[in-house]
Amino acid sequence: MERHEDQTPTRESASEAGWIAVSPVALLAETVKALAHTFRRLVRRGSFTVQYPEESLPPRKGYRGEHYLKRDAKGRVKCVACFMCAAACPARCITIEAGAAPPEWKDREKYPVRFEIDLLRCIYCGMCEEACPVDAIALSGTFPQVASSRAEKIYDRDRLLAIGDKLGDNISIAP
Amino acid sequence: MSGEAADRKRSVGPGGPDRQVATGPGPVLCSDGKPGVRIRVNGRDYIVHRHRNLLDALDEIGVEIPRFCYHPGLSPAGNCRMCYVTLADPQTGRTITTQNLATMREEPKLFTACTTPLSDGMIVETDNEAVRRGRELVMEFLLINHPLDCPVCDKAGECVLQNYAFAYGRDRSRFIERKIEKPPKTLGPDLLLWTDRCIKCTRCIRFLDEIAGTRELAMVNRGDHTEIDVAPGHPVSGPMTCNVVDICPVGALLDPGFLYAARVWMLERAPGICPGCARGCSVNIEWLPPQSAGSERGGIKRIVPRYNPLINGYWMCDLGRRAHKHVSARERLRRAIVDGRPASVEEACEAAGRRLAAAARERPGAAAGIGSAWMTIEEMWLFERLICEALGGKPPALLSAPRVPDIGMPGFRISGDRNPDRAGARLIFGSDADDGRMEAAIRAMRDGTVMAGLVSCGIPGFVPPAELIEALANLKLLVVLDILESELIRRAHIVLPGAAFVEKDGVFVNGDGIAQRILRAVPPPAGAREDAELLQMITRAAVEADGESGVERVGNGRKLWEGRGGASPDTDGATAGMSGREDGWRLLSAREIFARLAAERAEFAGMTYDSIGESGAPTARADGVRDAWP
């Protein structure tokens, strides 16, 4: 197809040169070739169609889907509520409320009491993941799911943690 | 030495322009006529004021000199070694050197600008290779044990160490040893210490020694075990504690009242005045916009001092820092009430004006007003117009928060007059407003001479005196304009919700007679209005209830409104919140009200909002002399 276009002179250059660009015979030959391809595909077994959502393709490397939060080595939310993701977010979809860590978390000072991402505002740019200084947030390869209300698309802290748990990417080096 | 630095060195060489700098004739004067000193900085000649040290002079010129331990409001300590400069001999122009004991070579000697006295003819370099290298080494030392916990540190974003590490530091440390970790400590009810973030600049110690005078903090132990601490059983507890949080160049000392409340870069700020006492410290109001990135819980997060040499210098007290608590209190009035039922603000003002006017018509002098020392002078002016002219009542009496003893310290004084505008009330309502008038008003209400009252309070936590409450119970109509639930509100027939000091424009006059502007930083709660707006709407309703005669009475040759619908020359953009009316009545903005007030009152003659500016302007005394404090 691309090759075909390359060979076809533009209307201007054709009229300047004073000859007709494509002969009817050549056009017919190409049409026949294309139809042959179509029929060959028709009788061959197999199909390219994926029956989404029953089945889905594995995401390509680097695909940015639903966010998830990771846990630290002790199973606590890894996020330290530094607001770097919220500062980096161009869509302003991250809402954080920081609080002093519970007294039994001896090695932690600050944690997110509330952490929400409004996936309807999110543009899936991945800046939050890049900005995070403790590697607590990441974008998974999962397609964002449909929802029946706007409220369902606002993911809170525990839901984001649950996505991470499901993916199994919840333990990494503590900050 | 780079080429640029070599050029500079040549330019201060012997026989050059430096001789002129060193031996000019006669006294040197600055452009403002004050005595000055000639110095040469980075090859350029300047005349600066006679500062106490070189660093202040360099600050005046505008050359950036990094510093941790020096603070212009405190004595110089010279312990952080960050404000390095090199000096040259004024006679020869040669840089002063010292022997490096490691290499045994002569190197430029580094002077700390904060402990170097300023002298005439000084030749200073602030950014040559020796200085840059010196700063870099200091930064490396300071960061040896400083934890890299900026993500959880509340100071991040306004941290001097963070900024300087970026601007002057190396990009990595050569130390492989483990950083020393020390647990955080509680130094007092309003002060937390993250021990390992401290860089031992001693600003906090010097502040408590020199300004607050409480001397609670000290440095204990030696070497890298050095830390700030209090004597056992003697926590930091004075009323000036939180200033050490402001002056701490790192996130070591933090205010538990602001801890984790917001990241500082998310805060919006506006200049304002603290309403806590008659001193009226210049402050910055810092709030989180409701829809800002990262948080929905908006509102005022903190009040910090704003430098004002006329009023408060660099400091303010902790009482003032907490002065915003009532703004978002649960007890805040959020809707107007007429006879126990919620009403719109317009309806309530209409009812208030109509019923006050009806009472005044029934018997002259039957309507009275009680203002407060928390009103702006614009509101007082409108209030007096409404009471004395529209309703024909006596001059208003004054409510004020009770007086407590002054708190004196070596470098600061907190006024015991816990009202921001008592001086303004004396100017607008008359000098006897807060003396005998309240007794007279209570008497008039008791014996039934006064049947209807308008009270404008706005004092947070105000407990009205029992005899006032008792007297108000005799009234057939009580209209209360306030911001918080109180005993007054429970007895009122009509309640009008007003605006707090961060929600309105206006002028307070402090105890030293300095007029200062407050600015509307955040909007009042939905359902509440700026008090000046409410007072104008009440006046309008009262005047219209009386027909043309009322309009004439209030007009009185000096109209409150510039005619119906007439635009006034001082109309400007400051009319936010003041809606225009379809029938031609236009509500005046605080700026416009001030312009009328200043035209009338000799104390404010010639003043405008612009001339008051952000730092305030002294009002004139009765004899017309403007006399600034101190």
# chains A, B, ... in the order shown; residues from 1 in each chain; ligands from 1

call {"tool": "residues_around", "arguments": {"residues": "range 413-419 of chain B", "least_positions_apart": "4", "cutoff": "8 Å", "atoms": "only C-alpha atoms", "output": "PyMOL selection string"}}
result
chain B and resi 275-279+317+373-374+400-409

call {"tool": "write_last_selection", "arguments": {"atoms": "C-alpha atoms", "output": "PDB file, in the first residue's frame"}}
result
ATOM      1  CA  PRO B 275      -6.360  40.510  65.143  1.00  0.00           C
ATOM      2  CA  GLY B 276      -5.192  38.984  68.418  1.00  0.00           C
ATOM      3  CA  CYS B 277      -4.157  42.175  70.194  1.00  0.00           C
ATOM      4  CA  ALA B 278      -3.735  45.916  69.830  1.00  0.00           C
ATOM      5  CA  ARG B 279      -0.240  45.404  68.454  1.00  0.00           C
ATOM      6  CA  CYS B 317       3.322  35.362  69.289  1.00  0.00           C
ATOM      7  CA  ALA B 373     -13.435  46.802  68.821  1.00  0.00           C
ATOM      8  CA  TRP B 374     -13.088  43.976  66.281  1.00  0.00           C
ATOM      9  CA  SER B 400     -14.407  44.612  73.493  1.00  0.00           C
ATOM     10  CA  ALA B 401     -12.524  41.573  74.704  1.00  0.00           C
ATOM     11  CA  PRO B 402     -11.497  42.099  78.345  1.00  0.00           C
ATOM     12  CA  ARG B 403      -8.093  43.551  79.044  1.00  0.00           C
ATOM     13  CA  VAL B 404      -5.335  41.292  80.400  1.00  0.00           C
ATOM     14  CA  PRO B 405      -1.804  42.218  81.507  1.00  0.00           C
ATOM     15  CA  ASP B 406       0.773  42.967  78.805  1.00  0.00           C
ATOM     16  CA  ILE B 407       3.433  40.316  78.307  1.00  0.00           C
ATOM     17  CA  GLY B 408       6.838  41.958  78.104  1.00  0.00           C
ATOM     18  CA  MET B 409       9.967  40.205  76.846  1.00  0.00           C
TER      19      MET B 409
END

call {"tool": "residues_around", "arguments": {"residues": "Asp339 in chain B", "least_positions_apart": "4", "cutoff": "9 Å", "atoms": "only C-alpha atoms", "output": "mmCIF file with N, CA and C atoms, in the first residue's frame"}}
result
data_model
loop_
_atom_site.group_PDB
_atom_site.id
_atom_site.type_symbol
_atom_site.label_atom_id
_atom_site.label_comp_id
_atom_site.auth_asym_id
_atom_site.auth_seq_id
_atom_site.Cartn_x
_atom_site.Cartn_y
_atom_site.Cartn_z
ATOM 1 N N ALA B 492 -31.121 36.768 70.015
ATOM 2 C CA ALA B 492 -31.406 37.695 68.924
ATOM 3 C C ALA B 492 -32.688 37.327 68.196
ATOM 4 N N HIS B 493 -33.423 38.333 67.710
ATOM 5 C CA HIS B 493 -34.574 38.096 66.840
ATOM 6 C C HIS B 493 -34.116 37.929 65.405
ATOM 7 N N ILE B 494 -33.123 38.707 65.030
ATOM 8 C CA ILE B 494 -32.572 38.587 63.681
ATOM 9 C C ILE B 494 -31.062 38.381 63.807
ATOM 10 N N VAL B 495 -30.564 37.323 63.155
ATOM 11 C CA VAL B 495 -29.136 37.018 63.196
ATOM 12 C C VAL B 495 -28.563 37.206 61.794
#

call {"tool": "select_by_dssp", "arguments": {"residues": "range 493-540 of chain B", "states": "strand (DSSP E)", "output": "PyMOL selection string"}}
result
chain B and resi 494-497+506-509+514-518

call {"tool": "write_last_selection", "arguments": {"atoms": "C-alpha atoms", "output": "compact mmCIF listing (two decimals), in the first residue's frame"}}
result
# COMPACT_ATOMS: atom_id res chain seq x y z
CA ILE B 494 -32.57 38.59 63.68
CA VAL B 495 -29.14 37.02 63.20
CA LEU B 496 -26.83 38.17 60.42
CA PRO B 497 -23.73 36.04 59.71
CA GLY B 506 -10.71 46.94 55.79
CA VAL B 507 -8.43 48.89 58.08
CA PHE B 508 -7.53 48.33 61.72
CA VAL B 509 -5.79 51.02 63.75
CA ILE B 514 -0.85 52.86 62.90
CA ALA B 515 -3.53 52.15 60.32
CA GLN B 516 -3.08 48.78 58.69
CA ARG B 517 -5.05 46.98 56.03
CA ILE B 518 -6.59 43.55 56.32

call {"tool": "interface_residues", "arguments": {"of": "chain A", "to": "chain B", "cutoff": "7 Å", "atoms": "only C-alpha atoms", "output": "ChimeraX atom specification"}}
result
/A:80,82-83,86-87,92,94-99,110

call {"tool": "select_by_dssp", "arguments": {"residues": "range 6-168 of chain A", "states": "helix (DSSP H, G or I)", "output": "PyMOL selection string"}}
result
chain A and resi 6-7+11-17+24-43+84-88+127-131+151-153+157-167

call {"tool": "write_last_selection", "arguments": {"atoms": "N, CA and C atoms", "output": "compact mmCIF listing (two decimals), in the first residue's frame"}}
result
# COMPACT_ATOMS: atom_id res chain seq x y z
N ASP A 6 3.87 5.58 -3.06
CA ASP A 6 5.14 6.19 -3.44
C ASP A 6 5.29 6.26 -4.96
N GLN A 7 4.80 5.25 -5.61
CA GLN A 7 5.00 5.20 -7.06
C GLN A 7 4.02 6.10 -7.80
N ARG A 11 -1.28 14.51 -8.74
CA ARG A 11 -2.04 15.02 -9.90
C ARG A 11 -1.26 16.15 -10.57
N GLU A 12 -0.66 17.02 -9.77
CA GLU A 12 0.07 18.17 -10.34
C GLU A 12 1.23 17.69 -11.20
N SER A 13 2.04 16.80 -10.61
CA SER A 13 3.23 16.38 -11.37
C SER A 13 2.82 15.59 -12.62
N ALA A 14 1.71 14.83 -12.53
CA ALA A 14 1.25 14.07 -13.69
C ALA A 14 0.80 14.99 -14.81
N SER A 15 0.05 16.01 -14.45
CA SER A 15 -0.43 16.91 -15.50
C SER A 15 0.73 17.71 -16.09
N GLU A 16 1.70 18.03 -15.23
CA GLU A 16 2.87 18.74 -15.77
C GLU A 16 3.61 17.88 -16.77
N ALA A 17 3.77 16.61 -16.41
CA ALA A 17 4.50 15.72 -17.31
C ALA A 17 3.69 15.40 -18.56
N PRO A 24 -5.59 1.81 -16.60
CA PRO A 24 -6.71 0.99 -16.10
C PRO A 24 -6.31 -0.47 -15.93
N VAL A 25 -5.41 -0.95 -16.76
CA VAL A 25 -5.00 -2.35 -16.69
C VAL A 25 -4.28 -2.62 -15.36
N ALA A 26 -3.37 -1.73 -15.03
CA ALA A 26 -2.61 -1.89 -13.79
C ALA A 26 -3.55 -1.84 -12.59
N LEU A 27 -4.54 -0.97 -12.63
CA LEU A 27 -5.50 -0.82 -11.55
C LEU A 27 -6.27 -2.12 -11.35
N LEU A 28 -6.69 -2.72 -12.46
CA LEU A 28 -7.46 -3.96 -12.41
C LEU A 28 -6.61 -5.08 -11.80
N ALA A 29 -5.36 -5.13 -12.21
CA ALA A 29 -4.45 -6.16 -11.69
C ALA A 29 -4.32 -6.05 -10.18
N GLU A 30 -4.17 -4.82 -9.68
CA GLU A 30 -4.04 -4.61 -8.23
C GLU A 30 -5.31 -5.03 -7.50
N THR A 31 -6.45 -4.74 -8.10
CA THR A 31 -7.73 -5.10 -7.48
C THR A 31 -7.84 -6.61 -7.36
N VAL A 32 -7.48 -7.30 -8.39
CA VAL A 32 -7.55 -8.76 -8.39
C VAL A 32 -6.62 -9.33 -7.31
N LYS A 33 -5.42 -8.75 -7.19
CA LYS A 33 -4.47 -9.21 -6.18
C LYS A 33 -5.05 -9.05 -4.77
N ALA A 34 -5.70 -7.92 -4.55
CA ALA A 34 -6.27 -7.64 -3.24
C ALA A 34 -7.39 -8.61 -2.91
N LEU A 35 -8.23 -8.88 -3.90
CA LEU A 35 -9.34 -9.80 -3.67
C LEU A 35 -8.83 -11.20 -3.39
N ALA A 36 -7.77 -11.58 -4.08
CA ALA A 36 -7.17 -12.90 -3.85
C ALA A 36 -6.73 -13.01 -2.39
N HIS A 37 -6.10 -11.95 -1.88
CA HIS A 37 -5.65 -11.93 -0.48
C HIS A 37 -6.86 -12.12 0.45
N THR A 38 -7.94 -11.42 0.16
CA THR A 38 -9.14 -11.47 0.99
C THR A 38 -9.68 -12.89 1.03
N PHE A 39 -9.78 -13.55 -0.14
CA PHE A 39 -10.36 -14.90 -0.19
C PHE A 39 -9.45 -15.91 0.51
N ARG A 40 -8.13 -15.69 0.34
CA ARG A 40 -7.20 -16.60 1.02
C ARG A 40 -7.43 -16.54 2.54
N ARG A 41 -7.59 -15.37 3.07
CA ARG A 41 -7.83 -15.20 4.50
C ARG A 41 -9.16 -15.82 4.90
N LEU A 42 -10.11 -15.78 4.03
CA LEU A 42 -11.45 -16.25 4.33
C LEU A 42 -11.45 -17.75 4.58
N VAL A 43 -10.69 -18.49 3.81
CA VAL A 43 -10.73 -19.94 3.93
C VAL A 43 -9.70 -20.45 4.93
N MET A 84 4.54 14.07 46.21
CA MET A 84 5.28 14.29 44.97
C MET A 84 4.43 13.89 43.76
N CYS A 85 3.69 12.80 43.87
CA CYS A 85 2.85 12.37 42.75
C CYS A 85 1.78 13.42 42.47
N ALA A 86 1.18 13.93 43.55
CA ALA A 86 0.15 14.94 43.37
C ALA A 86 0.73 16.21 42.77
N ALA A 87 1.98 16.54 43.15
CA ALA A 87 2.62 17.73 42.59
C ALA A 87 2.95 17.51 41.12
N ALA A 88 3.31 16.28 40.75
CA ALA A 88 3.71 16.02 39.38
C ALA A 88 2.50 15.81 38.47
N MET A 127 3.40 9.97 35.29
CA MET A 127 4.27 10.91 36.00
C MET A 127 4.31 10.62 37.51
N CYS A 128 3.20 10.12 38.05
CA CYS A 128 3.16 9.82 39.49
C CYS A 128 4.17 8.74 39.82
N GLU A 129 4.22 7.73 38.97
CA GLU A 129 5.15 6.63 39.19
C GLU A 129 6.59 7.14 39.13
N GLU A 130 6.82 8.03 38.18
CA GLU A 130 8.17 8.55 37.99
C GLU A 130 8.58 9.47 39.15
N ALA A 131 7.61 10.22 39.68
CA ALA A 131 7.92 11.19 40.74
C ALA A 131 8.11 10.52 42.09
N ALA A 151 -18.49 7.52 40.91
CA ALA A 151 -17.87 7.25 42.21
C ALA A 151 -17.01 5.99 42.15
N GLU A 152 -17.41 5.02 41.35
CA GLU A 152 -16.65 3.78 41.27
C GLU A 152 -15.28 4.00 40.65
N LYS A 153 -15.13 5.06 39.88
CA LYS A 153 -13.85 5.32 39.22
C LYS A 153 -12.89 6.09 40.10
N ARG A 157 -7.35 4.33 48.81
CA ARG A 157 -6.08 3.71 49.19
C ARG A 157 -6.17 2.19 49.22
N ASP A 158 -7.21 1.67 49.87
CA ASP A 158 -7.28 0.23 50.07
C ASP A 158 -7.55 -0.50 48.75
N ARG A 159 -8.30 0.14 47.87
CA ARG A 159 -8.55 -0.49 46.57
C ARG A 159 -7.26 -0.53 45.76
N LEU A 160 -6.49 0.56 45.84
CA LEU A 160 -5.22 0.61 45.11
C LEU A 160 -4.24 -0.42 45.67
N LEU A 161 -4.28 -0.61 46.99
CA LEU A 161 -3.43 -1.63 47.61
C LEU A 161 -3.87 -3.02 47.16
N ALA A 162 -5.20 -3.23 47.07
CA ALA A 162 -5.72 -4.54 46.70
C ALA A 162 -5.31 -4.90 45.27
N ILE A 163 -5.27 -3.89 44.39
CA ILE A 163 -4.83 -4.16 43.02
C ILE A 163 -3.38 -4.64 43.03
N GLY A 164 -2.57 -3.97 43.87
CA GLY A 164 -1.16 -4.38 43.99
C GLY A 164 -1.03 -5.78 44.55
N ASP A 165 -1.86 -6.09 45.56
CA ASP A 165 -1.82 -7.43 46.15
C ASP A 165 -2.14 -8.48 45.10
N LYS A 166 -3.14 -8.20 44.27
CA LYS A 166 -3.57 -9.15 43.26
C LYS A 166 -2.46 -9.39 42.24
N LEU A 167 -1.74 -8.30 41.92
CA LEU A 167 -0.65 -8.43 40.95
C LEU A 167 0.56 -9.13 41.55

call {"tool": "residues_around", "arguments": {"residues": "range 378-394 of chain B", "least_positions_apart": "3", "cutoff": "8 Å", "atoms": "only C-alpha atoms", "output": "JSON, numbers by chain"}}
result
{"B": [356, 357, 360, 364, 365, 366, 367, 368, 369, 371, 375, 425, 428, 429, 506, 507, 531, 532, 535, 536, 538, 539, 542, 543, 550, 553, 554, 590, 593, 594, 597]}
